[in-house]
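Trainee: So here's data-v7.cif (mmCIF, C-alpha atoms and all ligand atoms).
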data_coords
loop_
_atom_site.group_PDB
_atom_site.id
_atom_site.type_symbol
_atom_site.label_atom_id
_atom_site.label_comp_id
_atom_site.auth_asym_id
_atom_site.auth_seq_id
_atom_site.Cartn_x
_atom_site.Cartn_y
_atom_site.Cartn_z
ATOM 1 C CA MET U 802 51.305 132.842 -92.771
ATOM 2 C CA SER U 803 47.683 133.184 -93.673
ATOM 3 C CA LYS U 804 46.630 135.042 -96.759
ATOM 4 C CA VAL U 805 46.000 138.576 -95.584
ATOM 5 C CA ALA U 806 44.577 140.586 -98.397
ATOM 6 C CA SER U 807 44.038 140.437 -102.086
ATOM 7 C CA SER U 808 42.773 142.630 -104.864
ATOM 8 C CA GLN U 809 39.589 140.563 -104.922
ATOM 9 C CA PRO U 810 36.501 141.641 -102.946
ATOM 10 C CA LEU U 811 36.582 140.604 -99.280
ATOM 11 C CA ASP U 812 33.814 138.107 -99.926
ATOM 12 C CA GLU U 813 30.980 137.484 -102.347
ATOM 13 C CA SER U 814 28.715 139.981 -100.586
ATOM 14 C CA LEU U 815 31.111 142.847 -101.388
ATOM 15 C CA LYS U 816 31.075 142.336 -105.139
ATOM 16 C CA ASN U 817 28.427 145.027 -105.547
ATOM 17 C CA PHE U 818 29.548 147.049 -102.569
ATOM 18 C CA SER U 819 27.702 150.231 -101.703
ATOM 19 C CA PRO U 820 28.196 152.076 -98.390
ATOM 20 C CA THR U 821 24.497 152.939 -98.397
ATOM 21 C CA ASP U 822 23.404 149.303 -98.615
ATOM 22 C CA PRO U 823 21.010 148.868 -95.635
ATOM 23 C CA LYS U 824 22.738 145.634 -94.636
ATOM 24 C CA TYR U 825 25.553 147.676 -93.059
ATOM 25 C CA LYS U 826 23.170 149.666 -90.890
ATOM 26 C CA VAL U 827 23.218 148.869 -87.155
ATOM 27 C CA SER U 828 20.058 150.823 -86.274
ATOM 28 C CA ASP U 829 17.690 153.416 -87.692
ATOM 29 C CA LYS U 830 19.276 155.986 -85.400
ATOM 30 C CA TYR U 831 22.265 156.303 -87.742
ATOM 31 C CA LEU U 832 21.693 156.412 -91.492
ATOM 32 C CA PRO U 833 24.316 156.331 -94.280
ATOM 33 C CA ASP U 834 23.467 159.859 -95.417
ATOM 34 C CA LYS U 835 26.577 161.893 -94.468
ATOM 35 C CA GLU U 836 28.815 161.596 -97.555
ATOM 36 C CA SER U 837 27.540 164.882 -98.999
ATOM 37 C CA LEU U 838 28.671 166.715 -95.837
ATOM 38 C CA TRP U 839 32.327 166.054 -96.610
ATOM 39 C CA PRO U 840 33.872 169.122 -98.280
ATOM 40 C CA TYR U 841 36.764 167.219 -99.825
ATOM 41 C CA ALA U 842 37.315 163.981 -101.730
ATOM 42 C CA ALA U 843 37.847 160.660 -99.982
ATOM 43 C CA ASP U 844 41.435 160.445 -101.215
ATOM 44 C CA GLN U 845 42.208 163.654 -99.312
ATOM 45 C CA CYS U 846 41.095 162.253 -95.975
ATOM 46 C CA GLY U 847 43.622 161.910 -93.169
ATOM 47 C CA TRP U 848 43.130 158.144 -93.230
ATOM 48 C CA VAL U 849 44.342 157.887 -96.858
ATOM 49 C CA MET U 850 47.108 160.399 -96.220
ATOM 50 C CA VAL U 851 48.437 158.257 -93.369
ATOM 51 C CA HIS U 852 48.370 155.272 -95.733
ATOM 52 C CA ASN U 853 50.272 157.346 -98.301
ATOM 53 C CA ALA U 854 52.947 158.075 -95.721
ATOM 54 C CA LEU U 855 53.237 154.419 -94.736
ATOM 55 C CA ARG U 856 53.317 153.308 -98.380
ATOM 56 C CA GLY U 857 56.057 155.838 -99.030
ATOM 57 C CA GLU U 858 58.048 154.687 -96.030
ATOM 58 C CA ILE U 859 57.787 151.034 -97.145
ATOM 59 C CA ILE U 860 58.911 151.785 -100.705
ATOM 60 C CA GLN U 861 61.707 153.939 -99.330
ATOM 61 C CA PHE U 862 62.943 151.101 -97.111
ATOM 62 C CA GLN U 863 62.848 148.676 -100.051
ATOM 63 C CA GLU U 864 64.919 151.108 -102.124
ATOM 64 C CA THR U 865 67.366 151.470 -99.246
ATOM 65 C CA LEU U 866 67.849 147.705 -98.945
ATOM 66 C CA ALA U 867 68.290 147.413 -102.727
ATOM 67 C CA ALA U 868 71.030 150.075 -102.658
ATOM 68 C CA ILE U 869 72.892 148.293 -99.839
ATOM 69 C CA LYS U 870 72.667 144.943 -101.634
ATOM 70 C CA ALA U 871 73.905 146.458 -104.883
ATOM 71 C CA ARG U 872 77.090 147.671 -103.142
ATOM 72 C CA ARG U 873 77.838 144.097 -102.017
ATOM 73 C CA GLY U 874 80.508 143.481 -99.369
ATOM 74 C CA THR U 875 79.851 143.473 -95.627
ATOM 75 C CA LEU U 876 77.801 145.661 -93.335
ATOM 76 C CA LYS U 877 79.566 148.480 -91.529
ATOM 77 C CA ALA U 878 78.679 149.465 -87.973
ATOM 78 C CA TRP U 879 76.986 152.721 -89.021
ATOM 79 C CA GLU U 880 74.939 150.854 -91.638
ATOM 80 C CA VAL U 881 73.636 148.400 -89.040
ATOM 81 C CA GLU U 882 72.701 151.275 -86.743
ATOM 82 C CA CYS U 883 70.976 153.257 -89.502
ATOM 83 C CA ILE U 884 69.015 150.254 -90.851
ATOM 84 C CA GLN U 885 67.795 149.470 -87.340
ATOM 85 C CA ASP U 886 66.800 153.071 -86.635
ATOM 86 C CA VAL U 887 64.957 153.525 -89.944
ATOM 87 C CA PHE U 888 63.144 150.205 -89.535
ATOM 88 C CA ILE U 889 62.117 150.958 -85.953
ATOM 89 C CA ALA U 890 60.732 154.336 -87.038
ATOM 90 C CA HIS U 891 58.470 152.524 -89.514
ATOM 91 C CA LEU U 892 57.531 149.877 -86.956
ATOM 92 C CA TYR U 893 56.401 152.564 -84.489
ATOM 93 C CA ASN U 894 54.418 154.342 -87.211
ATOM 94 C CA MET U 895 52.669 151.105 -88.164
ATOM 95 C CA GLU U 896 51.921 150.250 -84.542
ATOM 96 C CA GLU U 897 50.474 153.682 -83.971
ATOM 97 C CA HIS U 898 48.357 153.476 -87.114
ATOM 98 C CA HIS U 899 46.874 150.078 -86.360
ATOM 99 C CA SER U 900 46.309 151.040 -82.748
ATOM 100 C CA THR U 901 44.319 154.060 -83.981
ATOM 101 C CA GLU U 902 42.214 151.826 -86.233
ATOM 102 C CA ASP U 903 41.666 149.113 -83.612
ATOM 103 C CA ASN U 904 41.209 151.245 -80.506
ATOM 104 C CA ILE U 905 39.809 154.548 -81.732
ATOM 105 C CA LEU U 906 38.052 154.064 -85.079
ATOM 106 C CA SER U 907 36.648 150.510 -85.096
ATOM 107 C CA PRO U 908 34.777 150.779 -81.761
ATOM 108 C CA GLU U 909 33.075 153.981 -82.947
ATOM 109 C CA PHE U 910 32.351 152.569 -86.417
ATOM 110 C CA MET U 911 30.653 149.524 -84.941
ATOM 111 C CA LYS U 912 28.207 151.712 -83.046
ATOM 112 C CA ARG U 913 26.802 152.872 -86.403
ATOM 113 C CA PHE U 914 27.598 150.280 -89.076
ATOM 114 C CA HIS U 915 28.820 146.747 -89.581
ATOM 115 C CA TYR U 916 32.517 147.171 -90.246
ATOM 116 C CA PRO U 917 33.887 144.224 -92.266
ATOM 117 C CA ASP U 918 35.690 141.920 -89.807
ATOM 118 C CA LYS U 919 38.514 141.240 -92.230
ATOM 119 C CA LEU U 920 39.744 144.820 -92.034
ATOM 120 C CA THR U 921 40.608 144.443 -88.369
ATOM 121 C CA ASP U 922 41.386 140.712 -88.423
ATOM 122 C CA ASP U 923 44.143 141.293 -91.013
ATOM 123 C CA HIS U 924 46.215 143.276 -88.539
ATOM 124 C CA GLU U 925 47.420 140.220 -86.646
ATOM 125 C CA ALA U 926 48.848 138.467 -89.704
ATOM 126 C CA ILE U 927 50.395 141.691 -91.016
ATOM 127 C CA PHE U 928 52.204 142.223 -87.718
ATOM 128 C CA ALA U 929 53.302 138.584 -87.625
ATOM 129 C CA GLN U 930 55.044 139.169 -90.957
ATOM 130 C CA LEU U 931 56.506 142.473 -89.786
ATOM 131 C CA ASP U 932 57.845 140.638 -86.720
ATOM 132 C CA ILE U 933 59.737 138.225 -88.982
ATOM 133 C CA ALA U 934 61.428 141.164 -90.701
ATOM 134 C CA SER U 935 61.989 142.787 -87.311
ATOM 135 C CA ASP U 936 63.835 139.727 -85.975
ATOM 136 C CA ILE U 937 66.243 139.873 -88.919
ATOM 137 C CA VAL U 938 66.811 143.605 -88.389
ATOM 138 C CA LYS U 939 67.551 143.066 -84.685
ATOM 139 C CA SER U 940 70.081 140.331 -85.477
ATOM 140 C CA LEU U 941 72.090 142.391 -87.998
ATOM 141 C CA LYS U 942 75.783 142.691 -87.090
ATOM 142 C CA THR U 943 78.827 144.519 -88.333
ATOM 143 C CA GLY U 944 80.582 142.332 -90.903
ATOM 144 C CA ASP U 945 77.452 140.472 -92.054
ATOM 145 C CA ASP U 946 77.489 139.601 -95.720
ATOM 146 C CA THR U 947 75.026 141.986 -97.383
ATOM 147 C CA ILE U 948 73.887 139.554 -100.082
ATOM 148 C CA THR U 949 72.870 136.983 -97.454
ATOM 149 C CA THR U 950 71.482 139.092 -94.624
ATOM 150 C CA ILE U 951 70.024 142.030 -96.518
ATOM 151 C CA GLY U 952 68.796 139.567 -99.139
ATOM 152 C CA SER U 953 66.767 137.647 -96.563
ATOM 153 C CA LEU U 954 65.522 140.886 -94.954
ATOM 154 C CA SER U 955 64.421 142.130 -98.399
ATOM 155 C CA ARG U 956 62.482 138.942 -99.089
ATOM 156 C CA GLU U 957 60.577 139.101 -95.785
ATOM 157 C CA PHE U 958 59.964 142.829 -96.121
ATOM 158 C CA ASP U 959 58.644 142.311 -99.663
ATOM 159 C CA ILE U 960 56.141 139.740 -98.322
ATOM 160 C CA TYR U 961 55.081 142.273 -95.698
ATOM 161 C CA LYS U 962 54.504 144.865 -98.433
ATOM 162 C CA GLU U 963 52.439 142.340 -100.414
ATOM 163 C CA CYS U 964 50.209 141.968 -97.335
ATOM 164 C CA ILE U 965 49.908 145.580 -96.244
ATOM 165 C CA PHE U 966 49.369 147.342 -99.585
ATOM 166 C CA PRO U 967 46.181 145.398 -100.468
ATOM 167 C CA HIS U 968 45.048 145.872 -96.858
ATOM 168 C CA PHE U 969 45.354 149.666 -97.217
ATOM 169 C CA ARG U 970 43.442 149.428 -100.480
ATOM 170 C CA GLU U 971 40.664 147.382 -98.891
ATOM 171 C CA GLU U 972 40.293 149.893 -96.053
ATOM 172 C CA GLU U 973 40.104 152.723 -98.596
ATOM 173 C CA THR U 974 37.644 150.838 -100.819
ATOM 174 C CA TYR U 975 35.253 149.581 -98.120
ATOM 175 C CA GLY U 976 36.023 151.081 -94.708
ATOM 176 C CA LEU U 977 36.508 154.683 -95.790
ATOM 177 C CA PRO U 978 33.256 155.074 -97.823
ATOM 178 C CA LEU U 979 31.312 153.460 -94.976
ATOM 179 C CA SER U 980 32.864 155.813 -92.430
ATOM 180 C CA ARG U 981 32.027 158.875 -94.569
ATOM 181 C CA ALA U 982 28.479 157.659 -95.113
ATOM 182 C CA TYR U 983 27.819 157.216 -91.391
ATOM 183 C CA PHE U 984 29.903 160.058 -89.919
ATOM 184 C CA GLY U 985 30.040 163.713 -90.900
ATOM 185 C CA PRO U 986 33.455 165.431 -90.935
ATOM 186 C CA LYS U 987 32.920 167.138 -87.562
ATOM 187 C CA GLU U 988 31.871 163.866 -85.905
ATOM 188 C CA PHE U 989 34.890 162.096 -87.369
ATOM 189 C CA GLN U 990 37.207 164.852 -86.215
ATOM 190 C CA LYS U 991 35.767 164.613 -82.698
ATOM 191 C CA ILE U 992 36.558 160.894 -82.574
ATOM 192 C CA MET U 993 40.132 161.491 -83.702
ATOM 193 C CA SER U 994 40.655 164.389 -81.276
ATOM 194 C CA LYS U 995 39.432 162.276 -78.381
ATOM 195 C CA GLY U 996 41.763 159.458 -79.401
ATOM 196 C CA HIS U 997 44.736 161.766 -79.809
ATOM 197 C CA GLU U 998 44.122 163.314 -76.402
ATOM 198 C CA LYS U 999 44.736 159.885 -74.880
ATOM 199 C CA ASN U 1000 47.535 158.899 -77.266
ATOM 200 C CA PRO U 1001 49.125 161.883 -79.034
ATOM 201 C CA PRO U 1002 50.732 160.949 -82.372
ATOM 202 C CA ASN U 1003 54.507 160.703 -82.148
ATOM 203 C CA PRO U 1004 56.553 163.402 -83.921
ATOM 204 C CA GLU U 1005 58.205 160.801 -86.156
ATOM 205 C CA ALA U 1006 54.802 159.777 -87.532
ATOM 206 C CA ILE U 1007 53.799 163.407 -88.095
ATOM 207 C CA GLY U 1008 57.097 164.106 -89.879
ATOM 208 C CA CYS U 1009 56.672 161.067 -92.110
ATOM 209 C CA PHE U 1010 53.063 162.137 -92.833
ATOM 210 C CA ILE U 1011 54.256 165.535 -94.039
ATOM 211 C CA HIS U 1012 57.184 164.229 -96.052
ATOM 212 C CA PHE U 1013 55.215 161.786 -98.169
ATOM 213 C CA ASN U 1014 52.104 163.901 -98.673
ATOM 214 C CA GLY U 1015 53.843 167.179 -99.408
ATOM 215 C CA VAL U 1016 53.683 170.521 -97.659
ATOM 216 C CA GLN U 1017 50.904 171.896 -99.881
ATOM 217 C CA SER U 1018 48.633 168.951 -99.111
ATOM 218 C CA ILE U 1019 49.308 169.318 -95.406
ATOM 219 C CA ARG U 1020 48.425 173.012 -95.460
ATOM 220 C CA HIS U 1021 45.106 172.231 -97.098
ATOM 221 C CA PHE U 1022 44.540 169.289 -94.794
ATOM 222 C CA LEU U 1023 45.007 171.522 -91.725
ATOM 223 C CA LYS U 1024 42.653 174.113 -93.205
ATOM 224 C CA ALA U 1025 40.004 171.558 -94.189
ATOM 225 C CA GLU U 1026 40.155 169.963 -90.740
ATOM 226 C CA GLY U 1027 39.925 173.330 -89.020
ATOM 227 C CA ILE U 1028 43.230 172.757 -87.229
ATOM 228 C CA PRO U 1029 44.530 176.110 -85.948
ATOM 229 C CA TYR U 1030 47.295 177.567 -88.065
ATOM 230 C CA PHE U 1031 49.555 178.223 -85.073
ATOM 231 C CA LEU U 1032 49.910 174.476 -84.640
ATOM 232 C CA TRP U 1033 52.043 174.501 -87.769
ATOM 233 C CA TYR U 1034 54.631 176.460 -85.846
ATOM 234 C CA ARG U 1035 54.212 174.654 -82.560
ATOM 235 C CA GLU U 1036 54.065 171.016 -83.634
ATOM 236 C CA VAL U 1037 53.923 170.236 -87.314
ATOM 237 C CA ARG U 1038 57.047 171.940 -88.581
ATOM 238 C CA ARG U 1039 59.092 170.770 -85.627
ATOM 239 C CA SER U 1040 57.999 167.167 -86.206
ATOM 240 C CA TYR U 1041 58.874 167.351 -89.871
ATOM 241 C CA ASN U 1042 62.316 168.759 -89.180
ATOM 242 C CA LYS U 1043 62.894 166.000 -86.645
ATOM 243 C CA TYR U 1044 62.007 163.426 -89.311
ATOM 244 C CA VAL U 1045 64.427 165.011 -91.799
ATOM 245 C CA THR U 1046 67.336 165.306 -89.396
ATOM 246 C CA GLU U 1047 66.884 162.023 -87.542
ATOM 247 C CA THR U 1048 65.482 159.562 -90.097
ATOM 248 C CA LEU U 1049 65.757 160.867 -93.636
ATOM 249 C CA VAL U 1050 69.439 161.643 -93.122
ATOM 250 C CA LYS U 1051 69.977 157.929 -92.366
ATOM 251 C CA VAL U 1052 67.919 156.786 -95.367
ATOM 252 C CA ASN U 1053 69.943 158.999 -97.688
ATOM 253 C CA ALA U 1054 73.227 157.879 -96.145
ATOM 254 C CA LEU U 1055 72.306 154.208 -96.586
ATOM 255 C CA LYS U 1056 71.316 154.792 -100.196
ATOM 256 C CA ALA U 1057 74.518 156.688 -100.950
ATOM 257 C CA GLY U 1058 76.790 154.380 -98.946
ATOM 258 C CA VAL U 1059 78.282 157.321 -97.093
ATOM 259 C CA GLU U 1060 78.211 157.564 -93.293
ATOM 260 C CA PRO U 1061 75.754 160.297 -92.263
ATOM 261 C CA MET U 1062 77.036 163.623 -91.009
ATOM 262 C CA TYR U 1063 74.734 164.627 -88.189
ATOM 263 C CA PRO U 1064 74.086 168.323 -87.699
ATOM 264 C CA LYS U 1065 75.883 169.791 -84.694
ATOM 265 C CA THR U 1066 73.317 172.442 -84.052
ATOM 266 C CA SER U 1067 70.236 172.323 -81.893
ATOM 267 C CA CYS U 1068 68.460 174.983 -83.950
ATOM 268 C CA PHE U 1069 65.773 172.915 -85.656
ATOM 269 C CA SER U 1070 64.824 175.574 -88.125
ATOM 270 C CA CYS U 1071 68.384 176.412 -89.182
ATOM 271 C CA MET U 1072 68.405 176.434 -92.994
ATOM 272 C CA SER U 1073 71.947 175.030 -93.149
ATOM 273 C CA LEU U 1074 70.429 171.687 -92.170
ATOM 274 C CA SER U 1075 68.896 171.424 -95.614
ATOM 275 C CA ALA U 1076 72.200 169.979 -96.778
ATOM 276 C CA VAL U 1077 71.493 166.708 -95.001
ATOM 277 C CA ALA U 1078 68.479 165.726 -97.046
ATOM 278 C CA GLU U 1079 67.807 165.095 -100.692
ATOM 279 C CA PRO U 1080 64.471 164.999 -102.505
ATOM 280 C CA VAL U 1081 62.623 161.707 -102.276
ATOM 281 C CA PRO U 1082 59.906 161.889 -104.922
ATOM 282 C CA PHE U 1083 56.849 159.795 -104.258
ATOM 283 C CA ALA U 1084 53.477 159.892 -105.938
ATOM 284 C CA PRO U 1085 50.880 158.506 -103.522
ATOM 285 C CA PRO U 1086 48.694 155.830 -105.102
ATOM 286 C CA TYR U 1087 45.178 156.996 -104.401
ATOM 287 C CA ALA U 1088 42.182 154.779 -103.907
ATOM 288 C CA ALA U 1089 40.120 156.427 -106.589
ATOM 289 C CA SER U 1090 39.597 159.695 -108.345
ATOM 290 C CA HIS U 1091 36.840 161.913 -107.055
ATOM 291 C CA ASP U 1092 35.128 165.010 -108.266
ATOM 292 C CA LYS U 1093 35.133 166.771 -104.886
ATOM 293 C CA SER U 1094 38.716 167.888 -105.101
ATOM 294 C CA LEU U 1095 40.356 170.784 -103.373
ATOM 295 C CA GLY U 1096 42.317 171.118 -106.575
ATOM 296 C CA THR U 1097 45.571 171.488 -104.689
ATOM 297 C CA GLN U 1098 46.799 167.948 -104.247
ATOM 298 C CA ASP U 1099 50.071 167.807 -106.111
ATOM 299 C CA GLY U 1100 50.729 164.206 -105.123
ATOM 300 C CA SER U 1101 54.361 164.897 -104.432
ATOM 301 C CA SER U 1102 56.453 164.525 -101.340
ATOM 302 C CA THR U 1103 58.198 167.404 -99.708
ATOM 303 C CA ASN U 1104 61.665 168.113 -100.990
ATOM 304 C CA GLY U 1105 63.212 166.585 -97.888
ATOM 305 C CA THR U 1106 64.654 169.754 -96.453
ATOM 306 C CA VAL U 1107 63.965 171.254 -93.066
ATOM 307 C CA LEU U 1108 61.206 173.821 -93.123
ATOM 308 C CA SER U 1109 61.627 177.468 -92.389
ATOM 309 C CA ASP U 1110 58.873 179.936 -91.566
ATOM 310 C CA GLU U 1111 58.522 180.756 -95.260
ATOM 311 C CA ALA U 1112 57.628 177.153 -96.093
ATOM 312 C CA ALA U 1113 54.554 177.387 -93.947
HETATM 313 FE FE FE U 1201 44.531 148.515 -90.971
HETATM 314 FE FE FE U 1202 45.077 151.469 -92.304
#
Any chance you could put this one into structure tokens?
Ligand SMILES: [Fe+2]
Ligand SMILES: [Fe+2]

Mentor:
Amino acid sequence: MSKVASSQPLDESLKNFSPTDPKYKVSDKYLPDKESLWPYAADQCGWVMVHNALRGEIIQFQETLAAIKARRGTLKAWEVECIQDVFIAHLYNMEEHHSTEDNILSPEFMKRFHYPDKLTDDHEAIFAQLDIASDIVKSLKTGDDTITTIGSLSREFDIYKECIFPHFREEETYGLPLSRAYFGPKEFQKIMSKGHEKNPPNPEAIGCFIHFNGVQSIRHFLKAEGIPYFLWYREVRRSYNKYVTETLVKVNALKAGVEPMYPKTSCFSCMSLSAVAEPVPFAPPYAASHDKSLGTQDGSSTNGTVLSDEAA
């Protein structure tokens, strides 16, 4: 596959990158003068928080594969099913994220500034690598030798991580400062709302977003974005509990080597469900430190339990 991303600047011209450099300007109608309008630091933007969730999910899947390999032996039917379900959840989240960037953000960005081509061009090669891992996941069978099959899945998934992590970093280093220079927070929110009206985010992605960013960060994110508080009750909490009871339970089962016990209740807020999940600590790697901090980002994941009213 082609080289996707690296820690080096995208090209020579980005060595002294500044989002206010006039070379990024498309016209005099839109100037790079909006950064000061943002009330919170760049690393607290939704874009970075989605990356944090995806980074967390990728590390979590690597840890899961490592635990299965360490047990040795052969794959059981429930393990095959859980690996496939957990992988597909990540695949959908990645597809949704890149679709948002390609179909909602990039077209709007390009109306105001020259968005580096590499940031969108990388997507094809990243998905080609994810497809290789996906083919292995689809072909998993009961009785497969874990050292061989999970070993080859781990290798391909590791390559995928080596592509996608620098890509996230490049978007946060170049794309994000440009977007904040050319769009105020209200304008950016309008773009996202319009996009989400057409393609609402799936509950799995919302749940993953909450888990890896932590409840406190989400509360402040909702407040900073002006998202009505009642949505916590209507959508956000429900999505998180779905993630815990449908995905995290499988991750924890695969790590522990014990077949998951699925809850027999339909009451999503029932506190007894907390028994199915264990804490999955994750400190999101931020793009940079900033002085405009809300002062509330604890950088931790949620504790992996379903959320009651009190948690909100
Ligand atoms: Fe991207
Ligand atoms: Fe991204």

Trainee: How big is the axis-aligned box around all listed atoms of stretch 1012-1028 of chain U once 8 Å goes on each side, and where's its centre, in Å to one decimal, as AutoDock Vina command-line options?

Mentor:
--center_x 48.6 --center_y 167.9 --center_z -93.6 --size_x 33.3 --size_y 28.3 --size_z 28.7

Trainee: Please expand the PyMOL selection byres (((not hetatm)) within 10 of (chain U and resi 1202)) into the concrete residues it hits in this file, giving the result as a ChimeraX atom specification.

Mentor: /U:848-853,855,895,898-903,920-921,924,965-966,968-973,976-977

Trainee: Would you write out those residues with C-alpha atoms, as a short mmCIF file (atom, residue, chain, number, x, y, z; two decimals), in the frame of the given file?

Mentor:
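What landed in selection_39.cif:
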data_model
loop_
_atom_site.label_atom_id
_atom_site.label_comp_id
_atom_site.auth_asym_id
_atom_site.auth_seq_id
_atom_site.Cartn_x
_atom_site.Cartn_y
_atom_site.Cartn_z
CA TRP U 848 43.13 158.14 -93.23
CA VAL U 849 44.34 157.89 -96.86
CA MET U 850 47.11 160.40 -96.22
CA VAL U 851 48.44 158.26 -93.37
CA HIS U 852 48.37 155.27 -95.73
CA ASN U 853 50.27 157.35 -98.30
CA LEU U 855 53.24 154.42 -94.74
CA MET U 895 52.67 151.10 -88.16
CA HIS U 898 48.36 153.48 -87.11
CA HIS U 899 46.87 150.08 -86.36
CA SER U 900 46.31 151.04 -82.75
CA THR U 901 44.32 154.06 -83.98
CA GLU U 902 42.21 151.83 -86.23
CA ASP U 903 41.67 149.11 -83.61
CA LEU U 920 39.74 144.82 -92.03
CA THR U 921 40.61 144.44 -88.37
CA HIS U 924 46.22 143.28 -88.54
CA ILE U 965 49.91 145.58 -96.24
CA PHE U 966 49.37 147.34 -99.58
CA HIS U 968 45.05 145.87 -96.86
CA PHE U 969 45.35 149.67 -97.22
CA ARG U 970 43.44 149.43 -100.48
CA GLU U 971 40.66 147.38 -98.89
CA GLU U 972 40.29 149.89 -96.05
CA GLU U 973 40.10 152.72 -98.60
CA GLY U 976 36.02 151.08 -94.71
CA LEU U 977 36.51 154.68 -95.79
#

Trainee: Between atom CA of U:Trp839 and atom CA of U:Ile1028, measure the distance and give it in Å to one decimal.

Mentor: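 One can read the atom CA of U:Trp839 to atom CA of U:Ile1028 distance as 15.9 Å.
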
Trainee: Written as JSON, numbers by chain, what is the full residue list that the PyMOL selection byres (((chain U and resi 953-957) around 9) and not hetatm) yields on the file shown?

Mentor: {"U": [863, 866, 867, 930, 931, 933, 934, 935, 937, 938, 948, 949, 950, 951, 952, 958, 959, 960, 961, 962]}

Trainee: With only C-alpha atoms counted and 9 Å as the cut-off, give the residues of stretch 888-988 of chain U in contact with stretch 824-834 of chain U, each with its shortest interatomic distance in Å and the pair that gives it, as a Markdown table.

Mentor:
| residue | atom | partner | partner_atom | distance |
| --- | --- | --- | --- | --- |
| U:Met911 | CA | U:Val827 | CA | 7.8 |
| U:Lys912 | CA | U:Val827 | CA | 7.1 |
| U:Arg913 | CA | U:Val827 | CA | 5.4 |
| U:Phe914 | CA | U:Lys826 | CA | 4.8 |
| U:His915 | CA | U:Tyr825 | CA | 4.9 |
| U:Tyr916 | CA | U:Tyr825 | CA | 7.5 |
| U:Leu979 | CA | U:Pro833 | CA | 7.6 |
| U:Ser980 | CA | U:Pro833 | CA | 8.8 |
| U:Arg981 | CA | U:Pro833 | CA | 8.1 |
| U:Ala982 | CA | U:Pro833 | CA | 4.4 |
| U:Tyr983 | CA | U:Pro833 | CA | 4.6 |
| U:Phe984 | CA | U:Pro833 | CA | 8.0 |
| U:Gly985 | CA | U:Asp834 | CA | 8.9 |

Trainee: Please expand the PyMOL selection byres (((chain U and resi 877) around 9) and not hetatm) into the concrete residues it hits in this file, giving the result as number ranges by chain.

Mentor: U: 875-876, 878-882, 942-945

Trainee: Okay, now the selection with C-alpha atoms, as a short mmCIF file (atom, residue, chain, number, x, y, z; two decimals), in the coordinates of the input?

Mentor:
data_model
loop_
_atom_site.label_atom_id
_atom_site.label_comp_id
_atom_site.auth_asym_id
_atom_site.auth_seq_id
_atom_site.Cartn_x
_atom_site.Cartn_y
_atom_site.Cartn_z
CA THR U 875 79.85 143.47 -95.63
CA LEU U 876 77.80 145.66 -93.34
CA ALA U 878 78.68 149.46 -87.97
CA TRP U 879 76.99 152.72 -89.02
CA GLU U 880 74.94 150.85 -91.64
CA VAL U 881 73.64 148.40 -89.04
CA GLU U 882 72.70 151.28 -86.74
CA LYS U 942 75.78 142.69 -87.09
CA THR U 943 78.83 144.52 -88.33
CA GLY U 944 80.58 142.33 -90.90
CA ASP U 945 77.45 140.47 -92.05
#

Trainee: In terms of the shortest atom-to-atom distance over only C-alpha atoms, which of U:Ala926, U:Cys846, U:Ala868, U:Val1052 is closest to U:Phe1022?

Mentor: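 So, comparing all the options, the nearest one is U:Cys846.
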